[in-house]
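Asks: First the structure, then my questions, so here it is.
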Amino acid sequence: MRILELKAMRGPNYWSVKRHRLIVMRLDIEELEERPTDKIPGFLDRLRELLPTLYSHRCSEEHEGGFFERVERGTWMGHVIEHVALEIQTLAGMDTGFGRTRTTGEHGIYNVVFSYIEEAVGLYAAKASVRIAEALITGTPHDLEEDIQRMRELREETRLGPSTGSIVEEATKRGIPYLRLNGQSLVQLGHGIHQKRIRATITSNTSNIGVEIACDKEETKQLLESYEIPVPKGRVVRTEEGLVAALESVGFPCVIKPIGGNHGRGATIGIKTFEEAKVALAVAKEISRSVVVEKEISGLDHRLLVIDHKFVAAAKRTPAAVVGDGKHTIEQLVEELNKDPRRGFGHENVLTQVDIDAHTLELLGRNGMDASSIPPDGETVFLKATANLSTGGTATDVSELVHSYNIFMAERISRIIDLDICGIDIMTEDITRPLSECGAVLEVNAAPGFRMHLDPTTGLGRNVAEPVVDMLFPPGAPSRIPIIAVTGTNGKTTTTRLIAHIMRSNGQRVGMTCSDGVYIMNRLLMQGDCTGPVSAQFVLKDPLVDMAVLETARGGMLRSGLGFESCDVGICTNVAADHLGLKDINTLEDLANVKSTVPRSVRSDGYAILNADDDLVMAMRKQCDCKIALFSLDETNRLIRQHCKLGGLAAIYENGFITISKGEWKLRIEKAVNVPLTFGGKAVFNIQNILPAVLAAYVRGVKMEELREALSTFVPSPAQTPGRLNLFQFKDFQVVVDYAHNPHGFEALGRFLSKVPDSPKVGVIAGVGDRRDEDTITLGRLSAQMFDEIIIRQDRNLRGKSDDEIIALMMKGIHEVDPMKKVTVIKKEEEAIRHAIRTATSGSFLTLCSDVVPDALALVMKLKEEEDRVPFNKEDIPNLNRELVG
C-alpha cells in the first residue's frame, strides 16, 4: 500500500462542515483491491488479538461487533485502516470516532477520512494504521504500545495545556472563536477588533507590572509586608557569604528558592544544615542569579485562586509521596502508585505519573534513603519538595472551607500586586482559621495553573475558566466580526472587491482576501492568490478589522478547509467547468459539493446568497441551515417568484434596474447602465456579480442611498478590479485585460465582445496544463468564435503538460471552428503582448487574457504611458514670468 497524499482539515470542509478536524489520506491499496479481508487467511483473528477494543466499533451494522462482522464478510483495506486509525487514537487517550472511506473512481485508490483531536497525532495515526494493517496482512509482529506511547508524546508536545485548554473550551461553548497564534499556548479569542489574547492564564488584560512584581519573589514579599500581609522571614542572597548571614538571621529549618522561579523549579524545602543549604543554593542559582532564603513555615500548602479580583477556588496541595508497608522498596511503591488509573502521561489524566528523578534521589538522600530503601509500615516518604501536580502531587478542593478573612486577604493581594488572574500560595495548619493567626503567604503567582482546581484528586472540580471568559467577554460583549465569504467558479473576485468597497464606503474597517492579495483597510499587505484559509485567518487575526470579506476558492477548501468556523453571509456566484479532473473532483456535481461548503457554513441567523439561474447552486439551498436570499438576471425566474411570494429576499435585474425584491415589494437601486462596472450595460456578467454584492450589503444593514453611492464610485480599473475587464484607450485602438481562463469565463467575455463594435478583434490567449484536454480544446473553439485574430502564448506555470501539447489542443479547437483562422504562436507573455500592441491596426480591439495579472497590467500601462507621453514646453506655463525662467 502507498499513501499518495496526507492532509489535515482544520475547518468546515468538503467532507463535513460540522467536523472540522479531519485527516484525509489518499491511499493506494494496490493489489489488495482484489483481496478484501475475507480473502486474507487469519486476518480477522490477528486483528482481534492486536486490537480487541475494536469490538466496540459498530460500523454500519449499528451494534457492537459490527465492524468485525464487516471484516469477516469481506471489506477493503482502506475501511480497516480508517477504523484502526480511530481506535489507536482512542487508546492513546484521545477518544474520537468519525470516519468514512470513499473510492476515488481510480482502481485501488481510496480517500480514507477520520477525525482527530490533535493534528500531529492524527497524521501519525494515519501512517501507523497503514503499518499496522500491513503487519496484520503478513502476520508480522507489531509493537502497538510503541505507537500509542509516541502518540501520547506528540499530544503533550502539541496540545494546549490544561489551563489554556480549559479557557478555550469555555470560550468555544459560548460560540467565541479562537485561533492559535503559535505552537505553544498563545491563543487569540475572538476575531479582529474584538479579539483578546491569552497565554496560559496570562491575558491581554494582565498588568505587565503585576507580572514583573510576582516574578520577583523578594519584591513581592516586601510589598506584601508593607501592606501588613503575613509573610515568612527571609533574605535575598547571591553568594555563600550572604548565605551564612541569611541563615544566622532566618535560622533552620528553612527554604531556599530562586527569586524568579516558578512551578517549584530550583526550590528546596526542609533544609536543616549549612551543607544542605549550600547544595540548595547551587540548585537555585541554576534558575536565577539571586536566591531567597526563607524561614520554613510549618503547615499545609494551599493555593487560593483569584480571578478579576474575586476569589474563585482553593486547593490543598500535597507533594508526591508513598506510604511504606515494611516490605517493598520505594521504587516498587512508586510502581504501584503509578498503577492508579487516574495517573497518566503528562496532563492526560487527573494525576500525573511519578518519576524517580535526580531531585527525588537528592531528597531521599537527605533523609538517609534511596530508591531501594524499604520504609517502615505506615511511614510517609515524600518524593518531591513541591506539591505541583505536574510532578505527581495531589490536590484536594477546599474552596468551601476558606475563612472569610483569608478570602478578603486574597482578593486584596490581587489588587496590591495588580493581577487579573492570581494564584496565592499560603502555608497554614488550618485554612478555616484566619491566616493572621496561623500561617503566611509564601508566593504570589502570575499565570497560575488551573489543573488542580479543574480536576482535583479529591473534592469538587471547579470551572475556573468560566470567570476568565466572563472577565474577557462580559455578557453582551461581541467576540466575532461579520464574515462575508464568496465562492463560485467565476465572478468571485469582482464580487468580493465590490462588497469590500461598499462596506468601506459604509464606514467599516474591512479586511479582504482575493485572488490578487490580502487587503487591510484597502492597504495591500500580501500579494498573490490569497483565497485560502491561511489568508482568511490573516484577516481574522488583524486587530484593526471589524469586517471580513473573503474570496474562498476550491483549492484551500480541499487542502485544509475554510479558515473560519462559520460566516454571516455565504455567496455562491455559479458553478461551471474548471479544474475538473484534479483532486478527485471529476464532475460538475463534485465541484458544486466543494463550493457548497461556504453556504453550508453560514450561521443559522445569517444568509446564504445563491444564484437562482444556476441549478447546481440552487440545489445547495437544501443543505443550508440558515436564511436564503436569491439573485437572478431573469426577473421572471420561477424560483425567484416563488421565493419572494413566500416573503423571501432576492436581487434581480428588472426592467434595466438592479433591484432588491423584499417579498413582493421592489426596491430599485440603480439603472445598470449607470453603474460603471457594467460598461453601459454591455458587461452582463458584471451585472450578475453586482446582484449578490448588493444583497450582501443590504442584509448587513447598508442603506439604499449608500448602496447607490458605492456602486457609482466603484470604477473598473487596475486599482479597483485588477485584471477584471480593465480597458485601456490607446490612440488608435483599445486594449482590455481580463482574467478569463475557463470556458464559462470565455463565454461571458465573448458575449461582452459581441457588443463591442470595434474591429478586428484580436485575442491573446493561453491554455493551462492541469485542465482536461476537452476543456483546453473548448477554449480554442470559443476563441475562434470570439476573435478575428488569435495570438497563443503560454502561462508561466505549465502545470503538467508541455507547451507544445497545450498549443496543439488549442489549435485543434480553433481549427474545428475555422481552419483558416489567423493564428500566431508567441510563447512568452511579454513578447506576445508587445507584438499585439505593436501590430494593432486602427479601430481594433485587443483582448489580453492573462494569468499573472500584475505583470500584464504593468506592461500595458507602461506601453500606454509611452504612447501618451507629451513633451514639456515652458511656453505652456501659465502666468509665465520670463525674467525668472532661463
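Ordered as shown in the C-alpha cells, chains take letters A, B, and onward, while each chain numbers its residues from 1 and ligands are numbered from 1 in the order shown.
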DSSP on the backbone, then: every residue of segment 485-688 of chain A marked strand (DSSP E), written as a count of residues only.

Replies: 63

Asks: Write out as a ChimeraX atom specification each polymer residue whose atoms come within 10 Å of Lys666 of chain A, counting only C-alpha atoms; drop sequence neighbours fewer than 3 positions from it.

Replies: /A:650-652,654,659-663,669

Asks: With all heavy atoms retained, export the selected residues as a PDB file, in the first residue's frame.

Replies:
ATOM      1  N   ALA A 650     -34.581  38.760  -2.458  1.00  0.00           N
ATOM      2  CA  ALA A 650     -33.888  38.464  -3.716  1.00  0.00           C
ATOM      3  C   ALA A 650     -33.361  39.752  -4.328  1.00  0.00           C
ATOM      4  O   ALA A 650     -33.804  40.858  -3.992  1.00  0.00           O
ATOM      5  CB  ALA A 650     -34.823  37.764  -4.692  1.00  0.00           C
ATOM      6  N   ALA A 651     -32.406  39.582  -5.237  1.00  0.00           N
ATOM      7  CA  ALA A 651     -31.924  40.694  -6.063  1.00  0.00           C
ATOM      8  C   ALA A 651     -32.079  40.271  -7.511  1.00  0.00           C
ATOM      9  O   ALA A 651     -31.716  39.149  -7.891  1.00  0.00           O
ATOM     10  CB  ALA A 651     -30.466  41.020  -5.752  1.00  0.00           C
ATOM     11  N   ILE A 652     -32.653  41.153  -8.334  1.00  0.00           N
ATOM     12  CA  ILE A 652     -32.924  40.801  -9.725  1.00  0.00           C
ATOM     13  C   ILE A 652     -32.525  41.957 -10.646  1.00  0.00           C
ATOM     14  O   ILE A 652     -32.391  43.108 -10.225  1.00  0.00           O
ATOM     15  CB  ILE A 652     -34.412  40.465  -9.954  1.00  0.00           C
ATOM     16  CG1 ILE A 652     -35.301  41.619  -9.485  1.00  0.00           C
ATOM     17  CG2 ILE A 652     -34.790  39.167  -9.242  1.00  0.00           C
ATOM     18  CD1 ILE A 652     -36.786  41.433  -9.796  1.00  0.00           C
ATOM     19  N   GLU A 654     -34.127  43.902 -13.282  1.00  0.00           N
ATOM     20  CA  GLU A 654     -35.542  44.058 -13.622  1.00  0.00           C
ATOM     21  C   GLU A 654     -35.764  45.363 -14.381  1.00  0.00           C
ATOM     22  O   GLU A 654     -35.476  46.437 -13.867  1.00  0.00           O
ATOM     23  CB  GLU A 654     -36.347  44.031 -12.301  1.00  0.00           C
ATOM     24  CG  GLU A 654     -37.809  44.402 -12.439  1.00  0.00           C
ATOM     25  CD  GLU A 654     -38.060  45.839 -11.966  1.00  0.00           C
ATOM     26  OE1 GLU A 654     -37.187  46.423 -11.306  1.00  0.00           O
ATOM     27  OE2 GLU A 654     -39.135  46.362 -12.305  1.00  0.00           O
ATOM     28  N   THR A 659     -32.302  45.626  -8.759  1.00  0.00           N
ATOM     29  CA  THR A 659     -33.462  45.742  -7.875  1.00  0.00           C
ATOM     30  C   THR A 659     -33.404  44.698  -6.767  1.00  0.00           C
ATOM     31  O   THR A 659     -32.990  43.564  -6.994  1.00  0.00           O
ATOM     32  CB  THR A 659     -34.771  45.541  -8.688  1.00  0.00           C
ATOM     33  OG1 THR A 659     -34.804  46.496  -9.747  1.00  0.00           O
ATOM     34  CG2 THR A 659     -35.998  45.680  -7.825  1.00  0.00           C
ATOM     35  N   ILE A 660     -33.826  45.106  -5.586  1.00  0.00           N
ATOM     36  CA  ILE A 660     -33.997  44.159  -4.484  1.00  0.00           C
ATOM     37  C   ILE A 660     -35.477  43.903  -4.302  1.00  0.00           C
ATOM     38  O   ILE A 660     -36.289  44.843  -4.242  1.00  0.00           O
ATOM     39  CB  ILE A 660     -33.376  44.707  -3.179  1.00  0.00           C
ATOM     40  CG1 ILE A 660     -31.845  44.660  -3.268  1.00  0.00           C
ATOM     41  CG2 ILE A 660     -33.850  43.918  -1.965  1.00  0.00           C
ATOM     42  CD1 ILE A 660     -31.136  45.210  -2.058  1.00  0.00           C
ATOM     43  N   SER A 661     -35.849  42.641  -4.273  1.00  0.00           N
ATOM     44  CA  SER A 661     -37.232  42.248  -4.013  1.00  0.00           C
ATOM     45  C   SER A 661     -37.331  41.742  -2.583  1.00  0.00           C
ATOM     46  O   SER A 661     -36.676  40.775  -2.210  1.00  0.00           O
ATOM     47  CB  SER A 661     -37.677  41.150  -4.984  1.00  0.00           C
ATOM     48  OG  SER A 661     -37.788  41.658  -6.287  1.00  0.00           O
ATOM     49  N   LYS A 662     -38.120  42.421  -1.807  1.00  0.00           N
ATOM     50  CA  LYS A 662     -38.344  42.044  -0.412  1.00  0.00           C
ATOM     51  C   LYS A 662     -39.789  41.597  -0.300  1.00  0.00           C
ATOM     52  O   LYS A 662     -40.702  42.410  -0.216  1.00  0.00           O
ATOM     53  CB  LYS A 662     -38.059  43.231   0.499  1.00  0.00           C
ATOM     54  CG  LYS A 662     -38.023  42.901   1.967  1.00  0.00           C
ATOM     55  CD  LYS A 662     -37.639  44.141   2.775  1.00  0.00           C
ATOM     56  CE  LYS A 662     -37.581  43.801   4.253  1.00  0.00           C
ATOM     57  NZ  LYS A 662     -37.273  45.019   5.062  1.00  0.00           N
ATOM     58  N   GLY A 663     -39.965  40.258  -0.352  1.00  0.00           N
ATOM     59  CA  GLY A 663     -41.317  39.757  -0.508  1.00  0.00           C
ATOM     60  C   GLY A 663     -41.797  40.154  -1.893  1.00  0.00           C
ATOM     61  O   GLY A 663     -41.101  39.948  -2.893  1.00  0.00           O
ATOM     62  N   ILE A 669     -32.528  50.045  -7.010  1.00  0.00           N
ATOM     63  CA  ILE A 669     -31.299  50.692  -6.535  1.00  0.00           C
ATOM     64  C   ILE A 669     -30.763  51.649  -7.574  1.00  0.00           C
ATOM     65  O   ILE A 669     -30.565  52.836  -7.318  1.00  0.00           O
ATOM     66  CB  ILE A 669     -30.249  49.627  -6.170  1.00  0.00           C
ATOM     67  CG1 ILE A 669     -30.787  48.728  -5.050  1.00  0.00           C
ATOM     68  CG2 ILE A 669     -28.945  50.287  -5.729  1.00  0.00           C
ATOM     69  CD1 ILE A 669     -29.921  47.534  -4.747  1.00  0.00           C
TER      70      ILE A 669
END

Asks: May I have the residues within 8 Å of Phe787 of chain A as a list in words, using only C-alpha atoms and disregarding those fewer than 4 positions away in the same chain?

Replies: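 Contacts, in chain order: Pro760, Lys761, Val762, Gly763 and Ser783 of chain A.
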
Asks: Among segment 760-839 of chain A, which ones does DSSP assign to alpha helix (DSSP H) (computed from the backbone)? Answer as a PyMOL selection string.

Replies: chain A and resi 773-786+803-817+829-838

Asks: Report as CSV: every residue of segment 107-173 of chain A with an atom at most 12 Å from segment 580-604 of chain A, its closest pair of atoms, and their distance in Å to one decimal, counting only C-alpha atoms, with rows sorted by chain and ascending residue number.

Replies:
residue,atom,partner,partner_atom,distance
A:Ile109,CA,A:Asp584,CA,10.3
A:Tyr110,CA,A:Asp584,CA,10.0
A:Asn111,CA,A:Asp584,CA,9.2

Asks: Please produce an output containing N, CA and C atoms for each residue in the selection, written as a PDB file, in the first residue's frame.

Replies:
ATOM      1  N   ILE A 109      -7.658   3.100  -5.462  1.00  0.00           N
ATOM      2  CA  ILE A 109      -7.310   4.330  -4.746  1.00  0.00           C
ATOM      3  C   ILE A 109      -8.538   4.837  -3.984  1.00  0.00           C
ATOM      4  N   TYR A 110      -8.324   5.088  -2.692  1.00  0.00           N
ATOM      5  CA  TYR A 110      -9.402   5.499  -1.788  1.00  0.00           C
ATOM      6  C   TYR A 110      -9.019   6.769  -1.035  1.00  0.00           C
ATOM      7  N   ASN A 111     -10.026   7.509  -0.658  1.00  0.00           N
ATOM      8  CA  ASN A 111      -9.852   8.586   0.313  1.00  0.00           C
ATOM      9  C   ASN A 111     -10.298   8.051   1.671  1.00  0.00           C
TER      10      ASN A 111
END

Asks: Kindly indicate which residue among A:Leu727, A:Val510, A:Leu863, A:Leu782 lies nearest to Phe845 of chain A, using only C-alpha atoms for the distances.

Replies: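 Ranked by minimum distance to Phe845 of chain A, first place goes to A:Leu727.
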
Asks: Measuring between only C-alpha atoms, which one of A:Cys530, A:Val306, A:Val486, A:Leu27 shows the shortest distance to Leu610 of chain A?

Replies: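 Under the stated criterion, the closest residue is A:Val486.
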
Asks: Of the residues A:Ala410, A:Leu558, A:Ala856, A:Leu54, which is the one nearest to Val764 of chain A, using only C-alpha atoms?

Replies: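 Nearest to Val764 of chain A: A:Ala856.
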